[in-house]
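Have a look at target-v7.cif; it's mmCIF, C-alpha atoms and all ligand atoms:
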```cif
data_run
#
loop_
_atom_site.label_atom_id
_atom_site.label_comp_id
_atom_site.auth_asym_id
_atom_site.auth_seq_id
_atom_site.Cartn_x
_atom_site.Cartn_y
_atom_site.Cartn_z
CA MET A 26 136.73 96.67 62.15
CA ALA A 27 135.59 98.30 65.42
CA ARG A 28 132.40 96.88 66.89
CA HIS A 29 129.52 99.18 67.83
CA PRO A 30 127.26 98.29 70.81
CA THR A 31 124.16 98.14 68.62
CA ASP A 32 125.63 95.82 65.95
CA HIS A 33 123.84 92.81 67.45
CA VAL A 34 121.83 93.01 70.68
CA LEU A 35 120.87 90.09 72.90
CA LEU A 36 117.66 91.01 74.77
CA ILE A 37 117.03 89.04 77.97
CA GLY A 38 113.59 88.78 79.60
CA ALA A 39 111.96 89.34 76.21
CA SER A 40 108.35 88.76 77.33
CA GLY A 41 108.40 91.50 79.97
CA MET A 42 106.99 95.03 79.91
CA LEU A 43 110.23 96.93 79.33
CA ALA A 44 111.55 94.32 76.89
CA HIS A 45 108.47 94.86 74.73
CA ALA A 46 109.41 98.55 74.46
CA TRP A 47 112.98 97.57 73.52
CA ILE A 48 111.78 95.22 70.78
CA LYS A 49 109.54 97.94 69.32
CA LEU A 50 112.37 100.48 69.47
CA MET A 51 114.99 98.18 67.91
CA ASP A 52 112.57 97.21 65.11
CA GLU A 53 111.87 100.90 64.41
CA ARG A 54 115.59 101.72 64.36
CA GLY A 55 116.57 98.66 62.31
CA ILE A 56 118.80 97.27 65.09
CA ARG A 57 119.57 93.57 64.80
CA HIS A 58 118.43 91.73 67.92
CA THR A 59 117.95 88.25 69.33
CA ASP A 60 115.36 87.90 72.09
CA VAL A 61 115.42 85.29 74.85
CA ASP A 62 113.40 84.55 77.97
CA ILE A 63 112.73 81.87 80.51
CA PRO A 64 112.50 78.81 80.15
CA ASP A 65 115.03 78.77 77.22
CA PHE A 66 117.26 81.33 78.87
CA ASP A 67 117.36 81.10 82.66
CA LEU A 68 119.36 83.64 84.64
CA THR A 69 119.50 81.30 87.61
CA ARG A 70 121.50 78.70 85.63
CA GLU A 71 125.03 79.63 84.67
CA PRO A 72 125.23 77.02 81.83
CA SER A 73 122.18 78.68 80.28
CA ILE A 74 123.93 82.06 80.40
CA VAL A 75 127.12 80.62 78.91
CA LYS A 76 125.17 78.86 76.15
CA HIS A 77 123.23 81.95 75.03
CA VAL A 78 125.69 84.81 75.55
CA ASP A 79 128.42 84.48 72.94
CA GLU A 80 130.87 86.54 70.89
CA ARG A 81 128.26 87.44 68.26
CA TYR A 82 126.70 89.96 70.62
CA THR A 83 127.98 93.49 71.03
CA MET A 84 125.44 94.44 73.71
CA VAL A 85 123.33 92.46 76.16
CA VAL A 86 120.23 94.23 77.48
CA ASN A 87 118.96 92.57 80.63
CA CYS A 88 115.25 93.27 81.16
CA ALA A 89 114.74 90.02 83.12
CA ALA A 90 114.06 90.21 86.84
CA PHE A 91 111.97 88.87 89.69
CA THR A 92 109.75 91.99 89.86
CA ASP A 93 107.05 90.84 92.30
CA VAL A 94 108.07 93.04 95.23
CA ASP A 95 105.91 91.24 97.82
CA GLY A 96 106.79 87.83 96.33
CA CYS A 97 110.49 88.54 96.90
CA GLU A 98 109.82 88.62 100.67
CA THR A 99 108.70 84.99 100.75
CA LYS A 100 110.94 83.70 97.92
CA TYR A 101 114.17 85.50 98.74
CA ALA A 102 116.47 82.66 97.64
CA LEU A 103 115.00 82.79 94.14
CA ALA A 104 114.96 86.61 94.07
CA GLU A 105 118.62 86.64 95.08
CA LYS A 106 119.48 84.27 92.22
CA ILE A 107 117.54 86.11 89.50
CA ASN A 108 118.23 89.69 90.60
CA GLY A 109 121.58 89.14 92.32
CA THR A 110 123.95 86.24 91.68
CA GLY A 111 122.53 85.46 88.21
CA VAL A 112 123.24 89.06 87.23
CA GLY A 113 126.80 88.64 88.52
CA ASP A 114 127.21 85.53 86.32
CA LEU A 115 125.79 87.46 83.37
CA ALA A 116 128.27 90.31 83.97
CA LYS A 117 131.18 87.83 83.97
CA ARG A 118 130.00 86.26 80.74
CA CYS A 119 129.52 89.66 79.04
CA LYS A 120 133.04 90.64 80.04
CA HIS A 121 134.35 87.32 78.67
CA VAL A 122 132.69 87.77 75.24
CA GLY A 123 133.38 91.52 75.06
CA ALA A 124 129.74 92.69 75.14
CA LEU A 125 128.45 95.83 76.83
CA LEU A 126 126.00 94.88 79.61
CA VAL A 127 122.98 97.15 79.98
CA HIS A 128 121.15 96.29 83.18
CA TYR A 129 118.09 97.73 84.94
CA SER A 130 117.81 98.46 88.61
CA THR A 131 115.44 100.29 90.89
CA ASP A 132 114.72 103.19 93.24
CA TYR A 133 114.11 100.46 95.86
CA VAL A 134 117.87 100.12 96.43
CA PHE A 135 117.42 103.21 98.67
CA ASN A 136 115.79 103.43 102.08
CA GLY A 137 113.29 106.18 101.24
CA GLN A 138 114.26 108.43 104.13
CA ALA A 139 115.73 111.20 101.94
CA THR A 140 113.97 114.49 101.34
CA THR A 141 115.80 115.40 98.14
CA PRO A 142 116.26 113.19 95.04
CA TYR A 143 118.67 110.25 95.31
CA THR A 144 121.83 110.70 93.25
CA THR A 145 123.75 107.93 91.51
CA ASP A 146 126.45 108.25 94.20
CA ASP A 147 124.13 107.80 97.19
CA THR A 148 124.65 104.73 99.34
CA ARG A 149 122.49 101.70 98.67
CA ASP A 150 120.37 100.84 101.72
CA PRO A 151 117.37 98.73 100.69
CA ILE A 152 114.48 98.16 103.12
CA ASN A 153 112.87 95.17 101.43
CA ALA A 154 113.92 91.85 99.88
CA TYR A 155 113.42 93.02 96.28
CA GLY A 156 115.62 96.08 96.87
CA LYS A 157 118.24 93.92 98.59
CA SER A 158 118.37 91.46 95.68
CA LYS A 159 118.60 94.28 93.11
CA ALA A 160 121.33 96.04 95.13
CA LEU A 161 123.31 92.78 95.10
CA GLY A 162 123.01 92.63 91.30
CA GLU A 163 124.43 96.17 91.04
CA GLU A 164 127.30 95.35 93.40
CA LEU A 165 128.25 92.19 91.51
CA ILE A 166 128.25 94.00 88.15
CA GLU A 167 130.56 96.63 89.64
CA ALA A 168 132.82 93.95 91.14
CA VAL A 169 133.17 92.16 87.78
CA ALA A 170 134.11 95.54 86.29
CA GLY A 171 133.35 94.74 82.66
CA GLU A 172 131.89 97.41 80.36
CA HIS A 173 128.45 98.17 81.80
CA LEU A 174 125.58 100.61 82.07
CA ILE A 175 123.26 100.22 85.07
CA VAL A 176 120.03 102.18 84.65
CA ARG A 177 117.98 102.71 87.79
CA THR A 178 114.33 103.46 87.16
CA SER A 179 111.00 103.61 89.03
CA TRP A 180 107.22 103.14 88.71
CA LEU A 181 107.25 101.64 85.19
CA TYR A 182 104.16 101.76 82.96
CA ALA A 183 103.26 101.00 79.36
CA PRO A 184 100.15 100.31 77.27
CA TRP A 185 100.98 96.60 77.75
CA GLY A 186 102.10 94.32 80.58
CA LYS A 187 101.12 94.42 84.22
CA ASN A 188 101.40 97.91 85.67
CA PHE A 189 99.77 100.57 87.83
CA VAL A 190 98.37 102.60 84.91
CA LEU A 191 96.50 99.67 83.37
CA THR A 192 95.29 98.50 86.79
CA ILE A 193 93.93 101.93 87.78
CA ALA A 194 92.36 102.48 84.34
CA ARG A 195 90.53 99.15 84.70
CA LEU A 196 89.47 99.71 88.32
CA ALA A 197 88.22 103.22 87.44
CA ARG A 198 85.83 101.65 84.92
CA GLU A 199 84.65 99.04 87.43
CA LYS A 200 84.34 101.01 90.68
CA PRO A 201 82.77 104.36 91.70
CA THR A 202 85.58 105.17 94.15
CA LEU A 203 89.21 104.25 94.67
CA LYS A 204 91.62 104.80 97.56
CA VAL A 205 95.26 105.35 96.63
CA VAL A 206 98.27 106.00 98.86
CA ASN A 207 99.35 109.62 99.08
CA ASP A 208 102.42 109.27 101.31
CA GLN A 209 104.82 107.61 98.85
CA ARG A 210 106.50 109.99 96.46
CA GLY A 211 108.50 109.15 93.34
CA ARG A 212 108.82 109.37 89.57
CA PRO A 213 106.67 107.42 87.10
CA THR A 214 108.49 106.10 84.04
CA SER A 215 107.13 105.23 80.62
CA ALA A 216 108.80 102.00 79.45
CA GLU A 217 109.05 103.37 75.89
CA HIS A 218 110.72 106.56 77.13
CA LEU A 219 113.05 104.45 79.27
CA ALA A 220 114.13 102.20 76.39
CA ALA A 221 114.72 105.19 74.05
CA THR A 222 116.64 107.11 76.73
CA THR A 223 118.78 104.06 77.52
CA LEU A 224 119.68 103.70 73.86
CA ALA A 225 120.56 107.42 73.70
CA LEU A 226 122.82 106.93 76.75
CA VAL A 227 124.55 103.95 75.12
CA GLU A 228 125.11 105.98 71.97
CA LYS A 229 126.62 108.81 74.04
CA ASP A 230 129.02 106.31 75.67
CA ALA A 231 127.42 106.63 79.12
CA ARG A 232 128.81 103.90 81.39
CA GLY A 233 128.39 103.19 85.13
CA ILE A 234 125.14 104.11 86.90
CA TYR A 235 122.49 106.45 85.45
CA HIS A 236 118.96 107.25 86.62
CA VAL A 237 116.19 107.34 84.02
CA THR A 238 112.57 108.29 84.79
CA ASP A 239 109.97 110.62 83.33
CA GLY A 240 110.36 114.27 84.34
CA GLY A 241 108.50 115.63 87.37
CA GLU A 242 107.37 113.70 90.43
CA CYS A 243 104.16 112.81 92.26
CA THR A 244 102.54 110.50 94.78
CA TRP A 245 100.68 107.33 93.72
CA TYR A 246 97.44 109.19 94.51
CA GLU A 247 98.34 112.09 92.20
CA PHE A 248 99.39 109.61 89.52
CA ALA A 249 96.08 107.73 89.87
CA GLN A 250 94.04 110.97 89.69
CA LYS A 251 95.64 111.80 86.33
CA ILE A 252 95.11 108.27 84.99
CA VAL A 253 91.40 108.41 85.89
CA GLU A 254 91.06 111.86 84.32
CA LEU A 255 92.72 110.73 81.08
CA ALA A 256 90.60 107.56 81.06
CA GLY A 257 87.51 109.79 81.19
CA ALA A 258 86.12 107.57 83.95
CA LYS A 259 83.53 108.62 86.50
CA CYS A 260 85.44 107.44 89.53
CA ASP A 261 86.37 109.43 92.63
CA VAL A 262 89.94 108.92 93.78
CA HIS A 263 90.60 109.43 97.50
CA PRO A 264 93.99 109.76 99.19
CA CYS A 265 94.95 107.32 101.93
CA THR A 266 98.04 106.36 103.90
CA THR A 267 100.42 103.42 103.42
CA ALA A 268 99.38 102.22 106.90
CA GLU A 269 95.81 101.73 105.60
CA PHE A 270 97.10 99.26 102.97
CA PRO A 271 99.54 96.91 104.74
CA ARG A 272 101.72 94.97 102.27
CA LEU A 273 104.24 92.19 102.84
CA ALA A 274 107.19 94.31 101.65
CA LYS A 275 107.93 97.73 103.13
CA ARG A 276 107.85 100.52 100.54
CA PRO A 277 110.23 103.52 100.66
CA ALA A 278 108.29 106.71 101.44
CA TYR A 279 110.43 108.85 99.17
CA SER A 280 112.05 107.33 96.12
CA THR A 281 112.59 110.20 93.71
CA LEU A 282 115.68 109.53 91.61
CA GLU A 283 117.92 112.46 90.65
CA ILE A 284 118.01 112.65 86.83
CA ILE A 285 120.25 115.68 86.23
CA ARG A 286 123.29 113.55 85.28
CA THR A 287 121.19 111.82 82.62
CA GLU A 288 119.67 115.09 81.38
CA MET A 289 123.12 116.61 80.98
CA LYS A 290 124.08 113.67 78.77
CA VAL A 291 120.97 113.23 76.61
CA GLY A 292 118.67 116.23 77.20
CA PRO A 293 115.55 116.79 79.33
CA MET A 294 113.35 113.89 80.41
CA THR A 295 109.77 114.21 79.11
CA PRO A 296 107.32 115.15 81.93
CA TRP A 297 105.30 112.19 83.22
CA LYS A 298 101.97 113.83 82.36
CA GLU A 299 103.00 113.98 78.68
CA ASN A 300 104.25 110.39 78.55
CA LEU A 301 101.15 109.22 80.43
CA LYS A 302 98.88 111.04 77.96
CA SER A 303 100.52 109.23 75.05
CA VAL A 304 100.09 105.87 76.78
CA MET A 305 96.48 106.56 77.82
CA GLU A 306 95.52 107.57 74.26
CA ARG A 307 96.44 104.05 73.23
CA VAL A 308 94.84 102.41 76.27
CA THR A 309 91.51 104.17 75.66
CA GLY A 310 91.79 104.14 71.86
CA ALA A 311 91.49 107.96 71.85
CA GLY A 312 94.70 108.38 69.86
CA LYS A 313 93.39 106.43 66.85
N1 LIG A 401 108.10 97.42 86.96
C1 LIG A 401 108.56 98.44 87.66
O1 LIG A 401 107.80 99.28 88.18
C2 LIG A 401 110.05 98.61 87.86
C3 LIG A 401 110.51 99.64 88.70
C4 LIG A 401 111.89 99.80 88.87
C5 LIG A 401 112.77 98.96 88.21
N2 LIG A 401 112.29 97.96 87.42
C6 LIG A 401 113.26 97.08 86.75
O2 LIG A 401 113.09 97.20 85.34
C7 LIG A 401 113.37 95.95 84.70
C8 LIG A 401 112.21 95.54 83.80
O3 LIG A 401 111.04 95.41 84.59
P1 LIG A 401 109.64 94.92 83.96
O4 LIG A 401 108.57 95.47 84.84
O5 LIG A 401 109.62 95.15 82.49
O6 LIG A 401 109.75 93.35 84.24
P2 LIG A 401 108.69 92.20 83.91
O7 LIG A 401 107.60 92.72 83.02
O8 LIG A 401 108.33 91.54 85.19
O9 LIG A 401 109.57 91.21 83.02
C9 LIG A 401 110.62 90.46 83.57
C10 LIG A 401 110.87 89.27 82.64
O10 LIG A 401 111.93 88.48 83.22
C11 LIG A 401 111.54 87.12 83.08
N3 LIG A 401 112.24 86.26 84.04
C12 LIG A 401 111.88 85.92 85.31
N4 LIG A 401 112.76 85.06 85.85
C13 LIG A 401 113.71 84.84 84.90
C14 LIG A 401 114.87 84.03 84.85
N5 LIG A 401 115.24 83.24 85.88
N6 LIG A 401 115.62 84.03 83.73
C15 LIG A 401 115.25 84.78 82.66
N7 LIG A 401 114.15 85.56 82.65
C16 LIG A 401 113.38 85.59 83.74
C17 LIG A 401 110.05 87.15 83.34
O11 LIG A 401 109.43 85.94 82.95
P3 LIG A 401 108.10 85.46 83.76
O12 LIG A 401 107.09 86.55 83.58
O13 LIG A 401 107.74 84.17 83.08
O14 LIG A 401 108.52 85.31 85.19
C18 LIG A 401 109.65 88.36 82.48
O15 LIG A 401 109.48 88.01 81.13
C19 LIG A 401 113.69 94.98 85.84
O16 LIG A 401 115.07 94.91 86.03
C20 LIG A 401 113.05 95.61 87.06
O17 LIG A 401 113.68 95.22 88.27
C21 LIG A 401 110.96 97.77 87.22
#
```

I'd like the structure from this file rewritten - as structure tokens, please.
Amino acid sequence: MARHPTDHVLLIGASGMLAHAWIKLMDERGIRHTDVDIPDFDLTREPSIVKHVDERYTMVVNCAAFTDVDGCETKYALAEKINGTGVGDLAKRCKHVGALLVHYSTDYVFNGQATTPYTTDDTRDPINAYGKSKALGEELIEAVAGEHLIVRTSWLYAPWGKNFVLTIARLAREKPTLKVVNDQRGRPTSAEHLAATTLALVEKDARGIYHVTDGGECTWYEFAQKIVELAGAKCDVHPCTTAEFPRLAKRPAYSTLEIIRTEMKVGPMTPWKENLKSVMERVTGAGK
């Protein structure tokens, strides 16, 4: 009997923000899944990959990553293993057992110098260690050439985990004013929307690279203004420049991902203000 990708899913990085959305989604849809994370499952150790990824699985969803962008600058060897070579080993193993590999990547594989949205065919040219390690992961998956779907996304948020929305909502309650950078432009992405859109892509047989974000775009400052408004907080948000907030890793100034290819496959992406409203209702308890 033919196997379907969602017959039995192995979810890697199960304690992370996006993985949480996947678990919720698969439970709602009645999809059988097995969830693993470090230390049991370690992407940096090939024997661990071989032990956990076996013929039972029809699809492996890799939500694991070294996501601390500044941390990747000082711990590049580890970042390269988790986001790069470990992903290559995972791709080989998925090909061996006949499982579809769904993997997440980032807008940071681009250099941020564009003025129009980055397409899936644009050349990778990362400007920081995190982007470099994630670009390597993409390249190795392509080189292995097993059945795969690479989903690039950006600016992830959810009612759980560590993310910009929860940080700004907390700071807005604690402080009378906030300064937020207004010279980096991109697309926020609800983790729940991302998981559901990825599943829709899988079900429509999308393979190769796709971009998935919320609809619309903004700067971090505009994003923060909306978060504070929805939080109902009395906090003034002021725009500032990236130069005023030096960070270890360089950030691309423009990282808007082109989503037309995805929209043609699965329909329009929900605007970020709508997805943010749904998340903020749960963060503030207003949706109860
Ligand atoms: N967050 C964003 O804004 C963003 C933007 C663009 C793309 N992405 C991509 O989207 C995906 C999901 O991101 P996320 O924010 O949900 O990630 P996350 O919350 O940081 O979760 C990543 C998970 O991977 C685990 N992990 C770390 N090292 C591992 C290893 N060696 N082996 C196995 N698991 C390991 C982490 O465990 P510990 O917590 O114990 O380390 C954590 O549970 C990633 O591929 C990321 O690169 C994220």

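Residue nearest Ala256 (chain A), chosen from A:Ala278, A:Cys97, A:Val78, A:Ala197 and counting all atoms listed in the file: A:Ala197.
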
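Excluding Thr83 (chain A) itself and same-chain residues fewer than 4 positions from it, the residues having an atom within 12 Å of it are Ala27, Arg28, His29, Pro30, Thr31, Asp32, His33, Val34, Leu35, Leu36, Ile56, Arg57, His58, Thr59, Val78, Asp79, Cys119, Lys120, His121, Val122, Gly123, Ala124, Leu125, Leu126, Val127, Glu172, His173 and Val227 of chain A, counting all atoms listed in the file.
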
Filtering to C-alpha atoms, could you give me those residues as a compact mmCIF listing (two decimals), in the coordinates of the input?
```
# COMPACT_ATOMS: atom_id res chain seq x y z
CA ALA A 27 135.59 98.30 65.42
CA ARG A 28 132.40 96.88 66.89
CA HIS A 29 129.52 99.18 67.83
CA PRO A 30 127.26 98.29 70.81
CA THR A 31 124.16 98.14 68.62
CA ASP A 32 125.63 95.82 65.95
CA HIS A 33 123.84 92.81 67.45
CA VAL A 34 121.83 93.01 70.68
CA LEU A 35 120.87 90.09 72.90
CA LEU A 36 117.66 91.01 74.77
CA ILE A 56 118.80 97.27 65.09
CA ARG A 57 119.57 93.57 64.80
CA HIS A 58 118.43 91.73 67.92
CA THR A 59 117.95 88.25 69.33
CA VAL A 78 125.69 84.81 75.55
CA ASP A 79 128.42 84.48 72.94
CA CYS A 119 129.52 89.66 79.04
CA LYS A 120 133.04 90.64 80.04
CA HIS A 121 134.35 87.32 78.67
CA VAL A 122 132.69 87.77 75.24
CA GLY A 123 133.38 91.52 75.06
CA ALA A 124 129.74 92.69 75.14
CA LEU A 125 128.45 95.83 76.83
CA LEU A 126 126.00 94.88 79.61
CA VAL A 127 122.98 97.15 79.98
CA GLU A 172 131.89 97.41 80.36
CA HIS A 173 128.45 98.17 81.80
CA VAL A 227 124.55 103.95 75.12
```

- Message: Ranking A:Val134, A:Ala258, A:Leu219, A:Ala170 by minimum distance to Pro151 (chain A) and counting all atoms listed in the file, which one comes first?
- Response: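 So, comparing all the options, the nearest one is A:Val134.
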
- Query: Of the candidates A:Ala154, A:Ile166, A:Met305, A:Val61, which shows the shortest atom-to-atom distance to Ile193 (chain A), using all atoms listed in the file?
  - Reply: A:Met305

- Contacts to ligand LIG 401 (chain A) at 7 Å cut-off (only C-alpha atoms and all ligand atoms) as a VMD selection string: chain A and resid 37 to 44 62 to 63 66 to 69 88 to 92 107 128 to 132 159 177 to 182 186 to 188

- Query: For Met289 (chain A), which residue among A:Leu301, A:Leu226, A:Val85, A:Leu191 is the nearest when counting all atoms listed in the file?
  - Reply: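 When distances to Met289 (chain A) are compared using all atoms listed in the file, the smallest one comes from A:Leu226.
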
- Work out how far apart CA of Ala249 (chain A) and CA of Thr222 (chain A) are and give it in Å to one decimal.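 For CA of Ala249 (chain A) relative to CA of Thr222 (chain A), the distance reads 24.4 Å.
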
- What does the distance between CA of Asn153 (chain A) and CA of Glu283 (chain A) come to in Å, to one decimal place?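 Computing it gives 21.0 Å between the two atoms.
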
- Task: Using all atoms listed in the file, pick whichever of A:Pro184, A:Glu288, A:Ser73, A:Ala221 has the shortest atom-to-atom distance to Arg307 (chain A).
- Result: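 Of A:Pro184, A:Glu288, A:Ser73, A:Ala221, the one nearest Arg307 (chain A), counting all atoms listed in the file, is A:Pro184.
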
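You can rank A:Tyr155, A:Glu53, A:Thr141, A:Asn300 by their closest distance to Leu103 (chain A) using all atoms listed in the file, and at the top of that list sits A:Tyr155.
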
- Between CA of Val291 (chain A) and CA of Arg118 (chain A), what is the spacing in Å?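 Those two atoms sit 28.7 Å apart.
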
- Leaving out region 232-234 of chain A and any residue of its chain fewer than 4 positions from it, which residues lie within 7 Å of it when counting only C-alpha atoms, given as an MDAnalysis selection string? chainID A and resid 145 173:176

- Task: Could you give me, as a count of residues only, the residues that have an atom at most 12 Å away from the point (97.0, 106.5, 98.4) in the coordinates of the file, using only C-alpha atoms?
- Result: 28

Using the atoms already present, construct N, CA and C atoms for region 51-65 of chain A and hand them back as an mmCIF file, in the frame of the given file.
```
data_model
loop_
_atom_site.group_PDB
_atom_site.id
_atom_site.type_symbol
_atom_site.label_atom_id
_atom_site.label_comp_id
_atom_site.auth_asym_id
_atom_site.auth_seq_id
_atom_site.Cartn_x
_atom_site.Cartn_y
_atom_site.Cartn_z
ATOM 1 N N MET A 51 113.927 98.734 68.778
ATOM 2 C CA MET A 51 114.990 98.180 67.910
ATOM 3 C C MET A 51 114.445 97.879 66.522
ATOM 4 N N ASP A 52 113.178 97.440 66.427
ATOM 5 C CA ASP A 52 112.570 97.210 65.110
ATOM 6 C C ASP A 52 112.452 98.535 64.352
ATOM 7 N N GLU A 53 112.007 99.571 65.061
ATOM 8 C CA GLU A 53 111.870 100.900 64.410
ATOM 9 C C GLU A 53 113.217 101.427 63.926
ATOM 10 N N ARG A 54 114.262 101.184 64.723
ATOM 11 C CA ARG A 54 115.590 101.720 64.360
ATOM 12 C C ARG A 54 116.409 100.775 63.473
ATOM 13 N N GLY A 55 115.858 99.629 63.154
ATOM 14 C CA GLY A 55 116.570 98.660 62.310
ATOM 15 C C GLY A 55 117.778 98.052 63.015
ATOM 16 N N ILE A 56 117.688 97.881 64.332
ATOM 17 C CA ILE A 56 118.800 97.270 65.090
ATOM 18 C C ILE A 56 118.599 95.754 65.142
ATOM 19 N N ARG A 57 119.653 95.037 64.785
ATOM 20 C CA ARG A 57 119.570 93.570 64.800
ATOM 21 C C ARG A 57 119.504 93.081 66.249
ATOM 22 N N HIS A 58 118.517 92.224 66.550
ATOM 23 C CA HIS A 58 118.430 91.730 67.920
ATOM 24 C C HIS A 58 117.952 90.289 67.990
ATOM 25 N N THR A 59 118.396 89.607 69.033
ATOM 26 C CA THR A 59 117.950 88.250 69.330
ATOM 27 C C THR A 59 117.323 88.315 70.714
ATOM 28 N N ASP A 60 116.123 87.739 70.843
ATOM 29 C CA ASP A 60 115.360 87.900 72.090
ATOM 30 C C ASP A 60 115.211 86.552 72.802
ATOM 31 N N VAL A 61 115.528 86.543 74.082
ATOM 32 C CA VAL A 61 115.420 85.290 74.850
ATOM 33 C C VAL A 61 114.703 85.526 76.174
ATOM 34 N N ASP A 62 114.075 84.467 76.663
ATOM 35 C CA ASP A 62 113.400 84.550 77.970
ATOM 36 C C ASP A 62 113.333 83.155 78.571
ATOM 37 N N ILE A 63 112.936 83.124 79.835
ATOM 38 C CA ILE A 63 112.730 81.870 80.510
ATOM 39 C C ILE A 63 111.601 81.104 79.790
ATOM 40 N N PRO A 64 111.574 79.787 79.569
ATOM 41 C CA PRO A 64 112.500 78.810 80.150
ATOM 42 C C PRO A 64 113.783 78.572 79.336
ATOM 43 N N ASP A 65 113.829 79.018 78.037
ATOM 44 C CA ASP A 65 115.030 78.770 77.220
ATOM 45 C C ASP A 65 116.271 79.357 77.878
#
```
